[in-house]
Structures are given as C-alpha cells and as structure tokens.
Amino acid sequence: MKEFLSVLRRFVPPYKKYLALSIVFNLLSAVLNIFSFAALIPILQILFQTGDAEAATSMMAWDWGNVQTVLMNNMNYGVSQLIAHYGQTTTLLFIGIFLAITTALKTGAYFLSSATIIPIRTGVVRDIRNQLYQKITSLPLGFFSEERKGDIIARMSGDVQEVESSIMSSLDMLFKNPILIVVYFSTLLFVSWQLTLFTIVFVPLFGWFMGLVGRKLKQKSIKAQALWSDTMSQVEETLGGLRIIKAFCAEERMNERFDRINSQYRNDIMRVNIRQSMAHPMSEFLGTVMIIIVLWFGGILVLQGKAITGPTFIYYMVILYSIIQPLKDFSKAGYNIPKGLASMERIDKILRAKNHIKEPVNPRHIDHFEHQIEFRHVSFKYGEQWVLRDINLTIPRGKTIALVGQSGSGKSTLVDLIPRYYDVQEGEVLIDGINVRDMGLHDLRSLIGNVNQEAILFNDSFRNNIAFGESIRTTDAIDTIGTIDKRIEEAARIANAYDFIMASEHGFETNIGDRGGRLSGGQRQRVSIARAILKNPPILILDEATSALDTESERLVQDALERLMKTRTTVAIAHRLSTIRNADEICVLHDGRIVERGTHDELIALDGYYKRLHDMQQV
C-alpha cells in the first residue's frame, strides 16, 4: 500500500478537483443507498403486520442515547398516519415511489462518481507516457548503449498499459469502496451494535487471505513483464535485421527463438492470471460464510426478542450484503495493484535514471563562434576502459581538421565530446576559451551541425526532415513560412538534393518512409546534408559521411559537403583518405592517442601510420 500511495502522490495531484468530486458523489451515493433501503422496514411492517406501527408515537424526548428509537418511532408514526389517511395499498405505493426516486438519485450519483475518475485515469497514463518520452530524449547517449531498444519500447507500451489496467482502473474502487464501507459499517453499528461486533470478527480473516495471495502476485508480475521486454526486443531486432535473416535462411531459427521466449512469457502470465482469478471465488465464498453466520446469530436475537426486530434485521442483512460487494471490489483491487506496481518499478528505472550530462546552474550563453575549439589534456573512458588518453588538439575557426585511424581508435568518441554527448573524465574541452561544461546545452549544440555515416531521417516529408532543426512559432508562421520554404529549397540545391526531391510524387511534401527507406543511401545522405545546411552552424562534424556510398553518390555527396564546409569550422572523420586530402590538418589516432599530425603530403613523407593506411587503400 505504501508503494501504491507513493504512485498516487506523484501523479494524481494535478487532478485533485476530479478526485474531490468523485469522493462527494460516492458519499452521496452511499447515503442515498441507505435511505432507499430504509423503505424496506415499513414495507415489511405493512405486509407482515408486525404491529410496530400501532405502537409508534409522534414525538419523544431527544437523547443521543436513544436516537435509534426516536428515529424508528417517528418513522413508524409517519407510516401509521399515511395508512390511516390513504390505506395500506396506497401507502405501499407511496413508499415504492420514494424507493424509486432515491434509487434514481443514487444511481445518478454512482455514475457521476465513476465519470469523474475517468479524467484521472486517462490523464495519469498520458502524463506517465509524456514523462517517459521526455526522459528518453533528455538522457545521454551512454544510457542507451547499455539498454535494449525493445526493452524501452516494452516499458512505454506494455508496462504503461499494465499501470492503466491495474492501478488506474482500481482508482474507482479504491476511492469509492472505502467510503461505502465506512458509511455502511456506521449504519450497521447504528442498527445493531451487538450484531455488528459479532460480524467484524471475520473481516480481518477476509483481508488476510487476500493479502497473502496479492504479495506473491507482484513477484510473478515482475518476472512476466521482464519476459515481455525480451519478446519486444526480439521483434525490434527482427524488423531491423530482416534482410540478413532472409539472406542467411534463418527464418526457422528466429521463429524457434521467438517461440521459446513467447512461451515462457505465456507460462508466467498464465500463472499470474490464474492466481488473480482466485479473487472472486475466494471473496464469494468468504462472504457467503459470513452471511450464514450472521444470519444464524441475528436469528437467535430476533427469536428471543432481544436488541432487534424482524423487519429491522432484514434491513440489517440488506446493508450487510451491500457492504460485501465493496469488500470484494477492494480485495480485487488488492490483486490488481501488485501487477501495476511491478510495471511501475520497471517504468521508474527509466524515470529515475540519472542524467550525468547536466545543465550548469549558471550557464554561459553564447550565440556565435569566433576563435577556436581546444582539447586540453583530454582523457575519456567507458566504464574501466580508457578510449582517449591525453588528447591535445586546437581547431582554429574556419579550418578543416580530419581524424583518421583504425576502428576503435577513438575518433567518434573524440568528436562526441564537443557537443557534450559525453563528459570527459580528465582535462577539458573549450570553445572560445569557455569550458563546454559551463555552457548552456542548447546554446552549445545550436553551434554544431552533424552529418553522420548513417543518415538519420524520420518518417515524414522531405520538407519536415530538412527543416527538422527549425522551430516556427504559430504566431510567426504566416510571416515566415514563405521565407523558410525558400531556404529549404536553397539548402536542397546546395546539397544536390533538389532534382530528385522535385522528381518525387509530391515534391517537398513527399513522405520518405521509415528512416528514409524509400530513398537510396546517397539520397538519404544528401537530405541530411540539406538539413545541416539549413541549420547553418558555424561548427560542422562529419562522421564518415561518404563511407557507405557508391562512387557516383560519393561524388555528389562530396560536392555537397564541400559547399557546406565553406566558411565553417569542420571536424571530419574519414576512412576514405581521398575525401580529406585537402584538410588543413590531419590527425592520426591510434589506441586513443594522436600519434601523427600534419597535412596529407607531410604525413606521407613521415612514412608512418598514415602512409600505411594510404598505401592499403591505394592497393
């Protein structure tokens, strides 16, 4: 219960007005229910002619010690007056109309109590998804290198859905049933405290059985949700590697692997659901046993003429039966909530993940780049393994610096330190003499444009992919839309992308498919270059931008890159040395250190690492 209350404190406060309305309507529903059932007493008195009406008096001295007697006698007196004036059959009709009106009001209040919970349920689930998505976009890249994408997708889909179906669906029962239980229990005490004290002996036993099974349910649910993540991870891997699966005729192998994980998930979720299905039969049986015992004990009191009359005892039994259903629902919530809490634990692993790339408390805001980028005694490691050691490098404004070396030498890690995708363990990275850790993240990354080896595009139109980094406020849209369209077209022309875009079905409004799947590799790369051109950053990072292209596409992309690099400070990672022959300086990395630096001709003359790389590519 402590964990459940913690979830409510985190997510329910924005919807407290709906919660207050639900409580009010639930209380009104319970009170109306009591008054509607109270009509049974005079009905039974009339039908069975118990004689209570004849003994009724119109007034008694008010005393808190005999308030029950006062109310019963006055009700009996009122009924006897109706019978005297209108007869028994007409009085029965009046009482029936009263019962119908109170029932209509009760059901209306019941509906409103449930309706006011729905905005809370749907709103909390929306908020959890929003928080998850915002957290995912804010976490550093290092977090996702240790997590499976399928597992994260499972947490956003299956786990959030489980929270909705388990915890949020229980909100109605949890805020309604305690009110009903308290109101009905108070009524039972009011009608016969002796019989009620006898009854509550069985309630703790009822709750103990429910809690025993519910605690084990959470443990099973955590295991089942972990297997669901494995299932989603395999689906994500399969979609990403479908071409390889077919090429190696591995369909049967992947099917067997998926069936194994899926069957394990089915077995665990089956155990969870079987255990959950115990709630209704168990509560039904315990409730029936309690009714039988109370009926026996109350029957003795009625037959001996002690403490309670026959019609009042029937009313007592009706209220007692009414309290059993809220108790059953309460126990059902006790079964559902552990499943949702198990999923909430998995969601919180993302929501409470620490972001080590933090915005400075008092960031230094910059909007331009004037002098140089400097790596000063920079060392970096992943875990315990050092990737970069004592890097000293100065990149003057307007110059092109190329990084070459074998795979794993630290080239990509080095350029990732400039926009603070990672933070250095030793040394510092400075832009115009300012440590990047002291800059606002948005300001820093606004200065930098990226063109990567794999063109990362989105399932949207050409226009929206090229304008991805541009933000247009609604108020400015009318004035700027024409200007931005012209800039998009100009960026596409510079990137050698305009012709194939205009040859597509809807021009710039053509959807390019998932990850740009409708385009060739060279076309995807030129669209990503157009995106960088439109951003117009003073610093440009090229991470093997042409390594995956054919000769013709490489020539078109290289031409677009040369236009993009003009007047910009460029850091280029390259495997194809032909693409960086004209760089102002080439740095050769080996085992995380810069071992050679100079122009292409100077490095060839050194006859070292660079010369060997060059000769291998020439061969």
# chains A, B, ... in the order shown; residues from 1 in each chain; ligands from 1

call {"tool": "select_by_dssp", "arguments": {"residues": "region 563-618 of chain A", "states": "helix (DSSP H, G or I)", "output": "PDB file with C-alpha atoms, in the first residue's frame"}}
result
ATOM      1  CA  ARG A 563      29.808  23.577 -50.378  1.00  0.00           C
ATOM      2  CA  LEU A 564      28.658  23.013 -46.794  1.00  0.00           C
ATOM      3  CA  MET A 565      32.208  23.231 -45.399  1.00  0.00           C
ATOM      4  CA  LEU A 577      41.537   9.184 -47.211  1.00  0.00           C
ATOM      5  CA  SER A 578      40.747  10.587 -50.645  1.00  0.00           C
ATOM      6  CA  THR A 579      37.936  12.653 -49.102  1.00  0.00           C
ATOM      7  CA  ILE A 580      40.236  14.547 -46.706  1.00  0.00           C
ATOM      8  CA  HIS A 600      48.412  14.954 -46.402  1.00  0.00           C
ATOM      9  CA  ASP A 601      51.824  15.489 -48.029  1.00  0.00           C
ATOM     10  CA  GLU A 602      53.599  15.893 -44.688  1.00  0.00           C
ATOM     11  CA  LEU A 603      52.119  12.646 -43.338  1.00  0.00           C
ATOM     12  CA  ILE A 604      53.011  10.742 -46.496  1.00  0.00           C
ATOM     13  CA  ALA A 605      56.581  11.968 -46.074  1.00  0.00           C
ATOM     14  CA  LEU A 606      56.661  10.722 -42.462  1.00  0.00           C
ATOM     15  CA  TYR A 609      50.651   5.067 -39.723  1.00  0.00           C
ATOM     16  CA  TYR A 610      49.040   7.396 -42.246  1.00  0.00           C
ATOM     17  CA  LYS A 611      51.323   6.239 -45.064  1.00  0.00           C
ATOM     18  CA  ARG A 612      50.442   2.593 -44.360  1.00  0.00           C
ATOM     19  CA  LEU A 613      46.685   3.413 -44.352  1.00  0.00           C
ATOM     20  CA  HIS A 614      47.106   5.341 -47.609  1.00  0.00           C
ATOM     21  CA  ASP A 615      49.043   2.532 -49.296  1.00  0.00           C
ATOM     22  CA  MET A 616      46.446  -0.089 -48.296  1.00  0.00           C
ATOM     23  CA  GLN A 617      43.658   1.988 -49.830  1.00  0.00           C
ATOM     24  CA  GLN A 618      45.683   2.557 -52.977  1.00  0.00           C
TER      25      GLN A 618
END

call {"tool": "closest_atom_pairs", "arguments": {"of": "region 410-487 of chain A", "to": "region 566-576 of chain A", "cutoff": "9 Å", "atoms": "only C-alpha atoms", "output": "tab-separated table"}}
result
residue	atom	partner	partner_atom	distance
A:Lys411	CA	A:Ile573	CA	6.7
A:Ser412	CA	A:Ile573	CA	7.4
A:Val415	CA	A:Val571	CA	7.5

call {"tool": "closest_residue", "arguments": {"among": "A:Gln131, A:Thr312, A:Ser343, A:Ser36", "to": "Arg155 (chain A)", "atoms": "only C-alpha atoms"}}
result
A:Ser343

call {"tool": "closest_residue", "arguments": {"among": "A:Leu393, A:Ile448, A:Ile83, A:Val318", "to": "Arg420 (chain A)", "atoms": "only C-alpha atoms"}}
result
A:Ile448

call {"tool": "closest_residue", "arguments": {"among": "A:Ser407, A:Ile594, A:Thr510, A:Val124", "to": "Arg9 (chain A)", "atoms": "only C-alpha atoms"}}
result
A:Val124

call {"tool": "select_by_dssp", "arguments": {"residues": "region 299-420 of chain A", "states": "strand (DSSP E)", "output": "VMD selection string"}}
result
chain A and resid 372 to 382 385 to 396 400 to 404

call {"tool": "write_last_selection", "arguments": {"atoms": "C-alpha atoms", "output": "short mmCIF file (atom, residue, chain, number, x, y, z; two decimals), in the first residue's frame"}}
result
data_model
loop_
_atom_site.label_atom_id
_atom_site.label_comp_id
_atom_site.auth_asym_id
_atom_site.auth_seq_id
_atom_site.Cartn_x
_atom_site.Cartn_y
_atom_site.Cartn_z
CA GLN A 372 38.87 28.05 -31.79
CA ILE A 373 37.93 24.67 -30.32
CA GLU A 374 40.52 23.26 -27.95
CA PHE A 375 41.03 19.81 -26.43
CA ARG A 376 43.29 20.29 -23.42
CA HIS A 377 44.77 17.11 -21.89
CA VAL A 378 41.53 15.23 -22.55
CA SER A 379 41.13 11.63 -21.39
CA PHE A 380 37.92 9.60 -21.57
CA LYS A 381 36.84 6.07 -20.67
CA TYR A 382 33.78 3.84 -20.99
CA GLN A 385 38.45 1.04 -20.33
CA TRP A 386 40.26 4.19 -21.45
CA VAL A 387 39.32 5.19 -25.00
CA LEU A 388 41.17 8.52 -25.23
CA ARG A 389 44.41 9.45 -23.42
CA ASP A 390 45.89 12.93 -23.06
CA ILE A 391 44.50 14.46 -26.24
CA ASN A 392 45.74 17.98 -27.02
CA LEU A 393 44.25 19.50 -30.15
CA THR A 394 43.41 23.01 -31.31
CA ILE A 395 40.92 23.58 -34.16
CA PRO A 396 41.04 27.22 -35.38
CA THR A 400 39.12 21.72 -41.55
CA ILE A 401 40.61 19.10 -39.24
CA ALA A 402 40.41 15.43 -40.27
CA LEU A 403 40.61 12.45 -37.91
CA VAL A 404 41.77 9.11 -39.27
#

call {"tool": "closest_residue", "arguments": {"among": "A:Gln234, A:Gln134, A:Asn465, A:Ser145", "to": "Ala530 (chain A)", "atoms": "only C-alpha atoms"}}
result
A:Asn465

call {"tool": "closest_residue", "arguments": {"among": "A:Phe94, A:Phe369, A:Tyr316, A:Phe11", "to": "Gln194 (chain A)", "atoms": "only C-alpha atoms"}}
result
A:Tyr316

call {"tool": "atom_distance", "arguments": {"atom1": "CA of Ile366 (chain A)", "atom2": "CA of Ile533 (chain A)"}}
result
20.3 Å

call {"tool": "decode", "arguments": {"residues": "region 117-163 of chain A", "atoms": "N, CA and C atoms", "output": "PDB file, in the first residue's frame"}}
result
ATOM      1  N   ILE A 117     -13.752   9.905 -12.225  1.00  0.00           N
ATOM      2  CA  ILE A 117     -12.487   9.177 -12.082  1.00  0.00           C
ATOM      3  C   ILE A 117     -11.800   9.007 -13.444  1.00  0.00           C
ATOM      4  N   ILE A 118     -12.598   8.954 -14.517  1.00  0.00           N
ATOM      5  CA  ILE A 118     -12.034   8.684 -15.852  1.00  0.00           C
ATOM      6  C   ILE A 118     -10.988   9.727 -16.271  1.00  0.00           C
ATOM      7  N   PRO A 119     -11.216  11.049 -16.066  1.00  0.00           N
ATOM      8  CA  PRO A 119     -10.151  12.010 -16.411  1.00  0.00           C
ATOM      9  C   PRO A 119      -8.859  11.769 -15.637  1.00  0.00           C
ATOM     10  N   ILE A 120      -8.978  11.262 -14.404  1.00  0.00           N
ATOM     11  CA  ILE A 120      -7.767  10.965 -13.621  1.00  0.00           C
ATOM     12  C   ILE A 120      -7.030   9.788 -14.246  1.00  0.00           C
ATOM     13  N   ARG A 121      -7.778   8.714 -14.554  1.00  0.00           N
ATOM     14  CA  ARG A 121      -7.154   7.512 -15.136  1.00  0.00           C
ATOM     15  C   ARG A 121      -6.419   7.836 -16.428  1.00  0.00           C
ATOM     16  N   THR A 122      -7.137   8.463 -17.350  1.00  0.00           N
ATOM     17  CA  THR A 122      -6.542   8.737 -18.660  1.00  0.00           C
ATOM     18  C   THR A 122      -5.448   9.793 -18.575  1.00  0.00           C
ATOM     19  N   GLY A 123      -5.636  10.773 -17.691  1.00  0.00           N
ATOM     20  CA  GLY A 123      -4.640  11.837 -17.559  1.00  0.00           C
ATOM     21  C   GLY A 123      -3.336  11.345 -16.959  1.00  0.00           C
ATOM     22  N   VAL A 124      -3.418  10.493 -15.941  1.00  0.00           N
ATOM     23  CA  VAL A 124      -2.208   9.972 -15.302  1.00  0.00           C
ATOM     24  C   VAL A 124      -1.412   9.124 -16.286  1.00  0.00           C
ATOM     25  N   VAL A 125      -2.098   8.280 -17.055  1.00  0.00           N
ATOM     26  CA  VAL A 125      -1.405   7.440 -18.045  1.00  0.00           C
ATOM     27  C   VAL A 125      -0.739   8.316 -19.105  1.00  0.00           C
ATOM     28  N   ARG A 126      -1.438   9.359 -19.558  1.00  0.00           N
ATOM     29  CA  ARG A 126      -0.831  10.290 -20.521  1.00  0.00           C
ATOM     30  C   ARG A 126       0.410  10.945 -19.929  1.00  0.00           C
ATOM     31  N   ASP A 127       0.323  11.365 -18.655  1.00  0.00           N
ATOM     32  CA  ASP A 127       1.452  12.030 -18.005  1.00  0.00           C
ATOM     33  C   ASP A 127       2.647  11.094 -17.874  1.00  0.00           C
ATOM     34  N   ILE A 128       2.388   9.811 -17.552  1.00  0.00           N
ATOM     35  CA  ILE A 128       3.488   8.848 -17.430  1.00  0.00           C
ATOM     36  C   ILE A 128       4.178   8.677 -18.777  1.00  0.00           C
ATOM     37  N   ARG A 129       3.386   8.549 -19.854  1.00  0.00           N
ATOM     38  CA  ARG A 129       3.984   8.400 -21.186  1.00  0.00           C
ATOM     39  C   ARG A 129       4.788   9.642 -21.565  1.00  0.00           C
ATOM     40  N   ASN A 130       4.225  10.826 -21.276  1.00  0.00           N
ATOM     41  CA  ASN A 130       4.948  12.068 -21.585  1.00  0.00           C
ATOM     42  C   ASN A 130       6.259  12.149 -20.813  1.00  0.00           C
ATOM     43  N   GLN A 131       6.210  11.804 -19.525  1.00  0.00           N
ATOM     44  CA  GLN A 131       7.423  11.854 -18.707  1.00  0.00           C
ATOM     45  C   GLN A 131       8.464  10.859 -19.207  1.00  0.00           C
ATOM     46  N   LEU A 132       8.000   9.676 -19.605  1.00  0.00           N
ATOM     47  CA  LEU A 132       8.918   8.673 -20.151  1.00  0.00           C
ATOM     48  C   LEU A 132       9.588   9.196 -21.422  1.00  0.00           C
ATOM     49  N   TYR A 133       8.783   9.748 -22.325  1.00  0.00           N
ATOM     50  CA  TYR A 133       9.329  10.231 -23.603  1.00  0.00           C
ATOM     51  C   TYR A 133      10.296  11.385 -23.366  1.00  0.00           C
ATOM     52  N   GLN A 134       9.913  12.314 -22.483  1.00  0.00           N
ATOM     53  CA  GLN A 134      10.790  13.449 -22.184  1.00  0.00           C
ATOM     54  C   GLN A 134      12.085  12.994 -21.532  1.00  0.00           C
ATOM     55  N   LYS A 135      11.984  11.968 -20.681  1.00  0.00           N
ATOM     56  CA  LYS A 135      13.186  11.437 -20.038  1.00  0.00           C
ATOM     57  C   LYS A 135      14.089  10.773 -21.062  1.00  0.00           C
ATOM     58  N   ILE A 136      13.487  10.022 -21.990  1.00  0.00           N
ATOM     59  CA  ILE A 136      14.276   9.349 -23.023  1.00  0.00           C
ATOM     60  C   ILE A 136      15.036  10.372 -23.864  1.00  0.00           C
ATOM     61  N   THR A 137      14.366  11.476 -24.232  1.00  0.00           N
ATOM     62  CA  THR A 137      15.035  12.483 -25.056  1.00  0.00           C
ATOM     63  C   THR A 137      16.088  13.274 -24.280  1.00  0.00           C
ATOM     64  N   SER A 138      16.000  13.271 -22.941  1.00  0.00           N
ATOM     65  CA  SER A 138      16.955  14.042 -22.140  1.00  0.00           C
ATOM     66  C   SER A 138      18.148  13.210 -21.682  1.00  0.00           C
ATOM     67  N   LEU A 139      18.009  11.873 -21.655  1.00  0.00           N
ATOM     68  CA  LEU A 139      19.098  11.033 -21.164  1.00  0.00           C
ATOM     69  C   LEU A 139      20.274  11.041 -22.137  1.00  0.00           C
ATOM     70  N   PRO A 140      21.495  10.883 -21.626  1.00  0.00           N
ATOM     71  CA  PRO A 140      22.673  10.878 -22.508  1.00  0.00           C
ATOM     72  C   PRO A 140      22.731   9.619 -23.358  1.00  0.00           C
ATOM     73  N   LEU A 141      23.528   9.676 -24.432  1.00  0.00           N
ATOM     74  CA  LEU A 141      23.632   8.533 -25.333  1.00  0.00           C
ATOM     75  C   LEU A 141      24.190   7.298 -24.630  1.00  0.00           C
ATOM     76  N   GLY A 142      25.013   7.507 -23.613  1.00  0.00           N
ATOM     77  CA  GLY A 142      25.602   6.375 -22.904  1.00  0.00           C
ATOM     78  C   GLY A 142      24.571   5.485 -22.244  1.00  0.00           C
ATOM     79  N   PHE A 143      23.451   6.052 -21.838  1.00  0.00           N
ATOM     80  CA  PHE A 143      22.407   5.251 -21.203  1.00  0.00           C
ATOM     81  C   PHE A 143      21.864   4.207 -22.161  1.00  0.00           C
ATOM     82  N   PHE A 144      21.705   4.586 -23.433  1.00  0.00           N
ATOM     83  CA  PHE A 144      21.075   3.687 -24.398  1.00  0.00           C
ATOM     84  C   PHE A 144      22.041   2.659 -24.959  1.00  0.00           C
ATOM     85  N   SER A 145      23.332   2.872 -24.762  1.00  0.00           N
ATOM     86  CA  SER A 145      24.286   1.845 -25.174  1.00  0.00           C
ATOM     87  C   SER A 145      24.221   0.636 -24.251  1.00  0.00           C
ATOM     88  N   GLU A 146      23.642   0.819 -23.057  1.00  0.00           N
ATOM     89  CA  GLU A 146      23.526  -0.276 -22.098  1.00  0.00           C
ATOM     90  C   GLU A 146      22.119  -0.852 -22.046  1.00  0.00           C
ATOM     91  N   GLU A 147      21.179  -0.260 -22.769  1.00  0.00           N
ATOM     92  CA  GLU A 147      19.791  -0.718 -22.746  1.00  0.00           C
ATOM     93  C   GLU A 147      19.369  -1.199 -24.139  1.00  0.00           C
ATOM     94  N   ARG A 148      18.456  -2.167 -24.160  1.00  0.00           N
ATOM     95  CA  ARG A 148      17.903  -2.628 -25.437  1.00  0.00           C
ATOM     96  C   ARG A 148      16.721  -1.745 -25.831  1.00  0.00           C
ATOM     97  N   LYS A 149      16.672  -1.390 -27.108  1.00  0.00           N
ATOM     98  CA  LYS A 149      15.571  -0.543 -27.575  1.00  0.00           C
ATOM     99  C   LYS A 149      14.232  -1.237 -27.375  1.00  0.00           C
ATOM    100  N   GLY A 150      14.200  -2.556 -27.627  1.00  0.00           N
ATOM    101  CA  GLY A 150      12.954  -3.298 -27.445  1.00  0.00           C
ATOM    102  C   GLY A 150      12.456  -3.249 -26.018  1.00  0.00           C
ATOM    103  N   ASP A 151      13.392  -3.265 -25.056  1.00  0.00           N
ATOM    104  CA  ASP A 151      13.012  -3.201 -23.647  1.00  0.00           C
ATOM    105  C   ASP A 151      12.407  -1.842 -23.311  1.00  0.00           C
ATOM    106  N   ILE A 152      12.985  -0.779 -23.861  1.00  0.00           N
ATOM    107  CA  ILE A 152      12.447   0.565 -23.612  1.00  0.00           C
ATOM    108  C   ILE A 152      11.065   0.705 -24.240  1.00  0.00           C
ATOM    109  N   ILE A 153      10.901   0.160 -25.462  1.00  0.00           N
ATOM    110  CA  ILE A 153       9.589   0.199 -26.118  1.00  0.00           C
ATOM    111  C   ILE A 153       8.568  -0.577 -25.280  1.00  0.00           C
ATOM    112  N   ALA A 154       8.980  -1.726 -24.726  1.00  0.00           N
ATOM    113  CA  ALA A 154       8.074  -2.529 -23.895  1.00  0.00           C
ATOM    114  C   ALA A 154       7.629  -1.763 -22.657  1.00  0.00           C
ATOM    115  N   ARG A 155       8.527  -0.981 -22.096  1.00  0.00           N
ATOM    116  CA  ARG A 155       8.169  -0.208 -20.895  1.00  0.00           C
ATOM    117  C   ARG A 155       7.188   0.911 -21.235  1.00  0.00           C
ATOM    118  N   MET A 156       7.358   1.509 -22.426  1.00  0.00           N
ATOM    119  CA  MET A 156       6.441   2.583 -22.821  1.00  0.00           C
ATOM    120  C   MET A 156       5.090   2.046 -23.256  1.00  0.00           C
ATOM    121  N   SER A 157       5.056   0.798 -23.731  1.00  0.00           N
ATOM    122  CA  SER A 157       3.791   0.245 -24.214  1.00  0.00           C
ATOM    123  C   SER A 157       3.190  -0.707 -23.186  1.00  0.00           C
ATOM    124  N   GLY A 158       3.786  -1.876 -23.028  1.00  0.00           N
ATOM    125  CA  GLY A 158       3.203  -2.900 -22.163  1.00  0.00           C
ATOM    126  C   GLY A 158       3.129  -2.500 -20.708  1.00  0.00           C
ATOM    127  N   ASP A 159       4.201  -1.907 -20.169  1.00  0.00           N
ATOM    128  CA  ASP A 159       4.208  -1.558 -18.745  1.00  0.00           C
ATOM    129  C   ASP A 159       3.266  -0.408 -18.433  1.00  0.00           C
ATOM    130  N   VAL A 160       3.254   0.606 -19.297  1.00  0.00           N
ATOM    131  CA  VAL A 160       2.312   1.720 -19.073  1.00  0.00           C
ATOM    132  C   VAL A 160       0.878   1.227 -19.209  1.00  0.00           C
ATOM    133  N   GLN A 161       0.637   0.323 -20.161  1.00  0.00           N
ATOM    134  CA  GLN A 161      -0.704  -0.236 -20.324  1.00  0.00           C
ATOM    135  C   GLN A 161      -1.107  -1.028 -19.089  1.00  0.00           C
ATOM    136  N   GLU A 162      -0.144  -1.736 -18.486  1.00  0.00           N
ATOM    137  CA  GLU A 162      -0.425  -2.512 -17.271  1.00  0.00           C
ATOM    138  C   GLU A 162      -0.742  -1.592 -16.096  1.00  0.00           C
ATOM    139  N   VAL A 163      -0.048  -0.462 -16.025  1.00  0.00           N
ATOM    140  CA  VAL A 163      -0.348   0.525 -14.974  1.00  0.00           C
ATOM    141  C   VAL A 163      -1.776   1.038 -15.134  1.00  0.00           C
TER     142      VAL A 163
END
